[in-house]
Each structure stands twice: as C-alpha cells, then as structure tokens.
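The next block is structure01.txt, given as compact mmCIF, C-alpha atoms.
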# COMPACT_ATOMS: atom_id res chain seq x y z
CA MET J 26 0.99 -11.85 12.87
CA PRO J 27 -2.16 -9.71 13.28
CA GLN J 28 -4.52 -10.16 10.34
CA PHE J 29 -7.97 -9.33 9.05
CA GLN J 30 -9.65 -12.67 8.34
CA ASN J 31 -12.52 -13.58 6.01
CA VAL J 32 -12.50 -10.19 4.31
CA THR J 33 -12.77 -8.80 0.78
CA VAL J 34 -10.02 -6.60 -0.60
CA ASP J 35 -10.35 -4.21 -3.52
CA LYS J 36 -7.63 -4.91 -6.08
CA ALA J 37 -7.13 -1.26 -7.04
CA ALA J 38 -5.23 0.98 -4.65
CA ASN J 39 -6.35 4.37 -3.38
CA VAL J 40 -3.66 6.87 -4.38
CA TYR J 41 -3.25 10.39 -2.96
CA PHE J 42 -0.56 13.04 -3.13
CA ASP J 43 1.22 11.55 -6.16
CA GLY J 44 1.44 8.20 -4.40
CA LYS J 45 3.06 9.50 -1.23
CA VAL J 46 -0.10 8.32 0.54
CA THR J 47 -1.69 5.09 -0.66
CA SER J 48 -4.12 2.61 0.82
CA ARG J 49 -6.04 -0.60 0.21
CA THR J 50 -9.70 -0.94 1.04
CA VAL J 51 -10.65 -3.99 3.11
CA HIS J 52 -14.34 -4.88 3.56
CA LEU J 53 -14.98 -6.66 6.87
CA GLN J 54 -17.61 -9.31 7.51
CA ASP J 55 -19.77 -6.95 9.58
CA GLY J 56 -20.23 -4.67 6.57
CA SER J 57 -17.79 -2.03 7.76
CA LYS J 58 -14.56 -1.21 5.99
CA VAL J 59 -11.02 -0.28 6.91
CA THR J 60 -8.17 1.01 4.82
CA LEU J 61 -4.60 -0.20 5.23
CA GLY J 62 -2.31 2.62 4.25
CA ILE J 63 1.21 3.89 3.87
CA MET J 64 2.28 7.51 4.20
CA LEU J 65 5.73 8.61 3.11
CA PRO J 66 7.38 11.61 4.77
CA GLY J 67 5.62 14.85 3.88
CA SER J 68 2.93 17.34 4.88
CA TYR J 69 -0.69 16.45 4.24
CA GLU J 70 -4.18 17.73 4.90
CA PHE J 71 -7.10 15.32 4.82
CA GLY J 72 -10.84 15.70 5.20
CA THR J 73 -13.23 13.19 6.74
CA ASP J 74 -16.71 12.14 5.57
CA THR J 75 -17.35 9.95 8.59
CA GLU J 76 -15.61 9.62 11.93
CA GLU J 77 -12.20 8.09 11.37
CA ILE J 78 -10.13 6.12 13.85
CA MET J 79 -6.50 6.17 12.74
CA THR J 80 -4.36 3.45 14.23
CA ILE J 81 -0.68 3.97 13.56
CA GLN J 82 1.06 0.59 13.40
CA SER J 83 4.57 1.95 12.85
CA GLY J 84 6.19 5.20 11.79
CA GLU J 85 6.51 8.72 13.09
CA LEU J 86 4.30 11.75 12.62
CA THR J 87 2.68 14.72 14.24
CA VAL J 88 -1.03 15.42 13.80
CA LEU J 89 -3.05 18.60 14.22
CA LEU J 90 -6.59 17.55 15.01
CA PRO J 91 -9.66 19.75 14.47
CA ASP J 92 -10.15 22.39 17.20
CA GLU J 93 -6.67 21.67 18.56
CA THR J 94 -3.84 24.19 18.59
CA GLU J 95 -1.08 21.79 19.60
CA TRP J 96 0.36 19.10 17.40
CA LYS J 97 0.31 15.59 18.85
CA THR J 98 3.35 13.38 18.24
CA ILE J 99 3.13 9.66 17.52
CA GLN J 100 6.30 7.57 17.42
CA GLY J 101 5.86 3.89 16.70
CA ALA J 102 2.31 2.85 17.55
CA GLY J 103 -0.54 5.20 18.44
CA GLU J 104 -4.07 6.23 17.66
CA PHE J 105 -6.18 9.30 17.08
CA VAL J 106 -9.80 9.94 16.21
CA VAL J 107 -11.12 12.55 13.77
CA PRO J 108 -14.83 13.52 13.80
CA ALA J 109 -16.89 13.44 10.60
CA ASN J 110 -16.72 16.29 8.11
CA ARG J 111 -13.59 17.85 9.52
CA LYS J 112 -10.07 18.49 8.31
CA PHE J 113 -6.81 17.50 9.95
CA LYS J 114 -3.14 17.98 9.17
CA LEU J 115 -0.29 15.53 9.31
CA GLU J 116 3.45 15.99 9.25
CA VAL J 117 4.92 12.56 8.55
CA SER J 118 8.63 12.24 9.36
CA LYS J 119 9.12 8.46 8.90
CA VAL J 120 7.35 5.96 6.66
CA THR J 121 4.07 5.30 8.46
CA ASP J 122 1.94 2.16 8.26
CA TYR J 123 -1.65 2.71 9.39
CA VAL J 124 -5.10 1.20 9.65
CA CYS J 125 -8.01 3.61 9.28
CA SER J 126 -11.47 2.56 10.51
CA TYR J 127 -14.66 4.39 9.54
CA LYS J 128 -17.71 4.81 11.73
CA MET S 13 -14.75 -3.32 -8.83
CA PRO S 14 -12.40 -6.33 -8.99
CA GLN S 15 -11.79 -7.79 -5.56
CA PHE S 16 -10.21 -10.69 -3.73
CA GLN S 17 -13.00 -12.30 -1.70
CA ASN S 18 -12.90 -14.44 1.45
CA VAL S 19 -9.23 -13.75 2.08
CA THR S 20 -6.97 -12.96 5.02
CA VAL S 21 -4.86 -9.81 4.98
CA ASP S 22 -1.78 -9.16 7.10
CA LYS S 23 -2.16 -5.87 8.95
CA ALA S 24 1.52 -4.92 8.70
CA ALA S 25 2.83 -3.66 5.37
CA ASN S 26 5.89 -4.90 3.53
CA VAL S 27 8.17 -1.90 3.05
CA TYR S 28 11.12 -1.71 0.65
CA PHE S 29 13.37 1.07 -0.64
CA ASP S 30 12.48 3.55 2.14
CA GLY S 31 8.79 3.07 1.41
CA LYS S 32 9.02 3.79 -2.31
CA VAL S 33 7.85 0.22 -2.82
CA THR S 34 5.27 -1.17 -0.38
CA SER S 35 2.84 -4.05 -0.44
CA ARG S 36 0.17 -5.88 1.53
CA THR S 37 0.11 -9.65 1.79
CA VAL S 38 -3.22 -11.30 0.98
CA HIS S 39 -3.72 -15.02 1.75
CA LEU S 40 -6.18 -16.65 -0.65
CA GLN S 41 -8.55 -19.50 0.17
CA ASP S 42 -6.53 -22.01 -1.87
CA GLY S 43 -3.52 -21.49 0.41
CA SER S 44 -1.61 -19.34 -2.05
CA LYS S 45 -0.78 -15.70 -1.47
CA VAL S 46 -0.57 -12.53 -3.48
CA THR S 47 0.81 -9.13 -2.65
CA LEU S 48 -0.91 -5.89 -3.60
CA GLY S 49 1.73 -3.27 -4.07
CA ILE S 50 2.58 0.28 -4.98
CA MET S 51 5.83 1.42 -6.58
CA LEU S 52 6.72 5.09 -6.76
CA PRO S 53 8.94 6.37 -9.56
CA GLY S 54 12.50 5.09 -9.20
CA SER S 55 14.97 2.37 -10.14
CA TYR S 56 14.75 -0.95 -8.37
CA GLU S 57 16.27 -4.41 -8.45
CA PHE S 58 14.34 -7.32 -6.96
CA GLY S 59 15.10 -10.99 -6.48
CA THR S 60 12.63 -13.86 -6.56
CA ASP S 61 12.38 -16.91 -4.31
CA THR S 62 9.59 -18.50 -6.32
CA GLU S 63 8.19 -17.78 -9.77
CA GLU S 64 6.43 -14.44 -9.68
CA ILE S 65 3.63 -13.26 -11.93
CA MET S 66 3.52 -9.47 -11.84
CA THR S 67 0.23 -7.99 -13.00
CA ILE S 68 0.43 -4.25 -13.48
CA GLN S 69 -2.99 -2.72 -12.82
CA SER S 70 -2.00 0.87 -13.59
CA GLY S 71 1.15 2.88 -13.94
CA GLU S 72 4.16 3.03 -16.22
CA LEU S 73 7.47 1.22 -16.08
CA THR S 74 10.11 -0.65 -18.00
CA VAL S 75 11.37 -4.01 -16.85
CA LEU S 76 14.57 -5.89 -17.61
CA LEU S 77 13.83 -9.57 -17.14
CA PRO S 78 16.47 -12.24 -16.49
CA ASP S 79 18.36 -13.33 -19.63
CA GLU S 80 16.87 -10.41 -21.57
CA THR S 81 18.91 -7.58 -23.03
CA GLU S 82 16.00 -5.34 -24.00
CA TRP S 83 13.80 -3.49 -21.56
CA LYS S 84 10.08 -4.14 -21.91
CA THR S 85 7.72 -1.18 -21.49
CA ILE S 86 4.36 -1.39 -19.73
CA GLN S 87 1.98 1.55 -19.85
CA GLY S 88 -1.30 1.13 -18.03
CA ALA S 89 -2.06 -2.56 -17.61
CA GLY S 90 0.33 -5.41 -18.38
CA GLU S 91 1.98 -8.52 -17.04
CA PHE S 92 5.34 -10.20 -16.84
CA VAL S 93 6.66 -13.41 -15.28
CA VAL S 94 9.94 -13.83 -13.43
CA PRO S 95 11.34 -17.33 -12.79
CA ALA S 96 12.35 -18.44 -9.29
CA ASN S 97 15.70 -17.41 -7.81
CA ARG S 98 16.43 -14.71 -10.36
CA LYS S 99 16.88 -10.97 -10.32
CA PHE S 100 15.10 -8.36 -12.39
CA LYS S 101 15.28 -4.61 -12.75
CA LEU S 102 12.51 -2.04 -12.91
CA GLU S 103 12.49 1.59 -13.93
CA VAL S 104 9.21 3.00 -12.70
CA SER S 105 8.22 6.31 -14.30
CA LYS S 106 4.65 6.70 -12.94
CA VAL S 107 3.06 5.49 -9.72
CA THR S 108 2.39 1.81 -10.35
CA ASP S 109 -0.29 -0.34 -8.73
CA TYR S 110 0.42 -4.08 -9.02
CA VAL S 111 -0.65 -7.54 -7.96
CA CYS S 112 2.13 -10.09 -7.55
CA SER S 113 1.27 -13.79 -7.51
CA TYR S 114 3.68 -16.48 -6.32
CA LYS S 115 3.90 -20.00 -7.69
Mind turning this structure into structure tokens?
Amino acid sequence: MPQFQNVTVDKAANVYFDGKVTSRTVHLQDGSKVTLGIMLPGSYEFGTDTEEIMTIQSGELTVLLPDETEWKTIQGAGEFVVPANRKFKLEVSKVTDYVCSYK
Amino acid sequence: MPQFQNVTVDKAANVYFDGKVTSRTVHLQDGSKVTLGIMLPGSYEFGTDTEEIMTIQSGELTVLLPDETEWKTIQGAGEFVVPANRKFKLEVSKVTDYVCSYK
C-alpha cells in the first residue's frame, strides 16, 4: 500500500464546510508538507496561498480552474494544479480521497 | 501542536458510512497503529477486533458501550475504551475529531 514514511502528522484535523471537507497535515522529511483529505459530495470554492498540486486518489468530481471556462471531470484517479493566490471551484459527486501538495 | 513523529501514514483513507466516518491509518515506531478520524453527525454502530481506546480530540457525541445501559456524553475532549470483539453505538451531534488506538 502506498505510504508516506518517516513523517510527522498533526493530531488535530483541518475541518472545512461543516466537516464535509477535512484533512490531515503530514510534514515530510524534506520540510515540505502535504494534506491527506476527504471531500464529501457538495459544491466548494477554495483559495490557494501557494501553488497546490491536487492528486485525486479515488472519487468523482468536476473542477473549474482559474482562467478556465470549462469544468474538468475526474473519475477515479487524476490530478490538477492550481497556481498560488487563486480561487477554484469543485463539484464533488462521490466521496473523494485526495493528497494535496504545496509548492 | 500535538503530533505523531517519525511515523508512516497510509495514503488511502478508510471510508465508512458513505464517508460520514473516515480515518487515516498511522503506523507508529513501536509497531502499533492508530487511526486519526472524523465523524460527521449521525448514528453509527461499530465492532472491534481488538481493544480500542477512543480519544475524542474535539466534537460532541454520546456513546453506548458494551454491557452498558446508559449513554455516556462527551463534549469537547474525552476518552472511552471498548473491549475486543464487541459492538458499540455512537450518536454524533457535532463534527468529531478522534484518535483511535488499538491494543
């Protein structure tokens, strides 16, 4: 099973949208961090502070990225990148398990 | 912030009850594991394979432990222990962030 090894995990969860989006912060050995998250079905808008690489491990959603006019669909596994200091919208249709990396 | 250090985390989430209960498995250095979980409001019944120590970090719920007739209320932080191979019931009223340890 894929794992993050030799890491530090914050005990407290990150909770958004009344718990419909939650994540755990994992600090990697190289000083960077990722969050491991779950999104339940719903419509969400997020903002970025840094560039974010969203790796969808399982689930189903459409995403409207900054400067795009067409929604991109991800079913099962997939990935998208959001530049720093931008907003993006998600329509999650099935429980989605993701890893978010920060540049 | 309290953390688990020098651990291994499974990338894939554990998902129960259509995602209303989810957790991440964290493997500790001593060979034991814990799960870091989120429960959304709802009614749940769980079964144990081993003794489980449930540490509630935040949230609100009542729990009916095996052989008990009265529900125990936890608001904010709290803890309860469930013996191996037993069932217990939870009524979660606020988003609950927990750590579950396995004996």
Using only C-alpha atoms, find the residues of chain J whose closest atom to chain S is at most 12 Å away, then write them as a PyMOL selection string. chain J and resi 26-54+59-66+80-84+102+118-125
Please determine, counting all atoms listed in the file, which residue among S:Lys45, S:Phe92, S:Tyr114, S:Leu102 has the shortest atom-to-atom distance to S:Phe58. S:Leu102
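Restricting the calculation to all atoms listed in the file, the smallest distance between J:Glu104 and any of J:Thr73, J:Ser57, J:Glu85, J:Lys128 is found for J:Glu85.
Our summary of the geometry notes that atom CA of J:Gly67 is positioned 24.2 Å from atom CA of S:Leu73.
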Could you tell me how far atom CA of S:Glu57 sits from atom CA of S:Arg98, in Å to one decimal place?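 For atom CA of S:Arg98 relative to atom CA of S:Glu57, the distance reads 10.5 Å.
You will find atom CA of S:Leu76 at 14.2 Å from atom CA of S:Glu64.
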Would you mind completing stretch 75-86 of chain S so that it carries all heavy atoms, and writing it out as a compact mmCIF listing (two decimals), in the coordinates of the input?
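out.txt written:
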# COMPACT_ATOMS: atom_id res chain seq x y z
N VAL S 75 10.83 -2.90 -17.62
CA VAL S 75 11.37 -4.01 -16.85
C VAL S 75 12.44 -4.73 -17.67
O VAL S 75 12.28 -4.94 -18.88
CB VAL S 75 10.25 -4.99 -16.42
CG1 VAL S 75 9.46 -5.52 -17.61
CG2 VAL S 75 10.82 -6.13 -15.58
N LEU S 76 13.54 -5.07 -16.99
CA LEU S 76 14.57 -5.89 -17.61
C LEU S 76 14.52 -7.25 -16.94
O LEU S 76 14.92 -7.42 -15.78
CB LEU S 76 15.96 -5.27 -17.44
CG LEU S 76 17.09 -6.02 -18.14
CD1 LEU S 76 16.89 -6.05 -19.66
CD2 LEU S 76 18.45 -5.43 -17.79
N LEU S 77 14.00 -8.22 -17.69
CA LEU S 77 13.83 -9.57 -17.14
C LEU S 77 15.13 -10.36 -17.24
O LEU S 77 16.02 -10.02 -18.02
CB LEU S 77 12.70 -10.28 -17.90
CG LEU S 77 11.32 -9.67 -17.66
CD1 LEU S 77 10.30 -10.22 -18.64
CD2 LEU S 77 10.87 -9.92 -16.22
N PRO S 78 15.26 -11.42 -16.44
CA PRO S 78 16.47 -12.24 -16.49
C PRO S 78 16.71 -12.78 -17.90
O PRO S 78 15.75 -13.16 -18.58
CB PRO S 78 16.17 -13.39 -15.53
CG PRO S 78 15.07 -12.91 -14.66
CD PRO S 78 14.28 -11.93 -15.47
N ASP S 79 17.96 -12.80 -18.31
CA ASP S 79 18.36 -13.33 -19.63
C ASP S 79 17.90 -12.46 -20.79
O ASP S 79 18.11 -12.83 -21.95
CB ASP S 79 17.86 -14.78 -19.86
CG ASP S 79 18.37 -15.72 -18.79
OD1 ASP S 79 19.52 -15.51 -18.32
OD2 ASP S 79 17.64 -16.64 -18.41
N GLU S 80 17.28 -11.31 -20.49
CA GLU S 80 16.87 -10.41 -21.57
C GLU S 80 17.90 -9.29 -21.67
O GLU S 80 18.55 -8.93 -20.68
CB GLU S 80 15.49 -9.80 -21.28
CG GLU S 80 14.36 -10.81 -21.20
CD GLU S 80 13.95 -11.33 -22.57
OE1 GLU S 80 14.17 -10.62 -23.57
OE2 GLU S 80 13.43 -12.46 -22.63
N THR S 81 18.02 -8.73 -22.86
CA THR S 81 18.91 -7.58 -23.03
C THR S 81 18.11 -6.32 -23.34
O THR S 81 18.63 -5.21 -23.26
CB THR S 81 19.91 -7.82 -24.17
OG1 THR S 81 19.18 -8.17 -25.35
CG2 THR S 81 20.89 -8.91 -23.81
N GLU S 82 16.83 -6.50 -23.68
CA GLU S 82 16.00 -5.34 -24.00
C GLU S 82 14.96 -5.12 -22.91
O GLU S 82 14.32 -6.06 -22.44
CB GLU S 82 15.29 -5.54 -25.35
CG GLU S 82 16.27 -5.46 -26.50
CD GLU S 82 15.56 -5.17 -27.82
OE1 GLU S 82 14.35 -4.92 -27.83
OE2 GLU S 82 16.26 -5.23 -28.85
N TRP S 83 14.80 -3.86 -22.56
CA TRP S 83 13.80 -3.49 -21.56
C TRP S 83 12.41 -3.54 -22.20
O TRP S 83 12.23 -3.10 -23.33
CB TRP S 83 14.08 -2.09 -21.04
CG TRP S 83 15.33 -2.00 -20.20
CD1 TRP S 83 16.62 -2.08 -20.67
CD2 TRP S 83 15.41 -1.85 -18.80
NE1 TRP S 83 17.50 -1.97 -19.62
CE2 TRP S 83 16.78 -1.82 -18.45
CE3 TRP S 83 14.47 -1.73 -17.78
CZ2 TRP S 83 17.23 -1.68 -17.14
CZ3 TRP S 83 14.91 -1.58 -16.48
CH2 TRP S 83 16.28 -1.57 -16.15
N LYS S 84 11.47 -4.07 -21.46
CA LYS S 84 10.08 -4.14 -21.91
C LYS S 84 9.30 -3.01 -21.24
O LYS S 84 9.43 -2.79 -20.04
CB LYS S 84 9.48 -5.49 -21.50
CG LYS S 84 8.00 -5.67 -21.79
CD LYS S 84 7.48 -7.00 -21.22
CE LYS S 84 5.98 -7.13 -21.47
NZ LYS S 84 5.43 -8.37 -20.89
N THR S 85 8.50 -2.30 -22.03
CA THR S 85 7.72 -1.18 -21.49
C THR S 85 6.29 -1.60 -21.21
O THR S 85 5.66 -2.30 -22.01
CB THR S 85 7.71 -0.01 -22.50
OG1 THR S 85 9.05 0.44 -22.69
CG2 THR S 85 6.87 1.14 -21.98
N ILE S 86 5.78 -1.19 -20.04
CA ILE S 86 4.36 -1.39 -19.73
C ILE S 86 3.76 -0.03 -19.40
O ILE S 86 4.27 0.69 -18.53
CB ILE S 86 4.18 -2.36 -18.54
CG1 ILE S 86 4.67 -3.75 -18.92
CG2 ILE S 86 2.71 -2.39 -18.11
CD1 ILE S 86 4.58 -4.77 -17.79
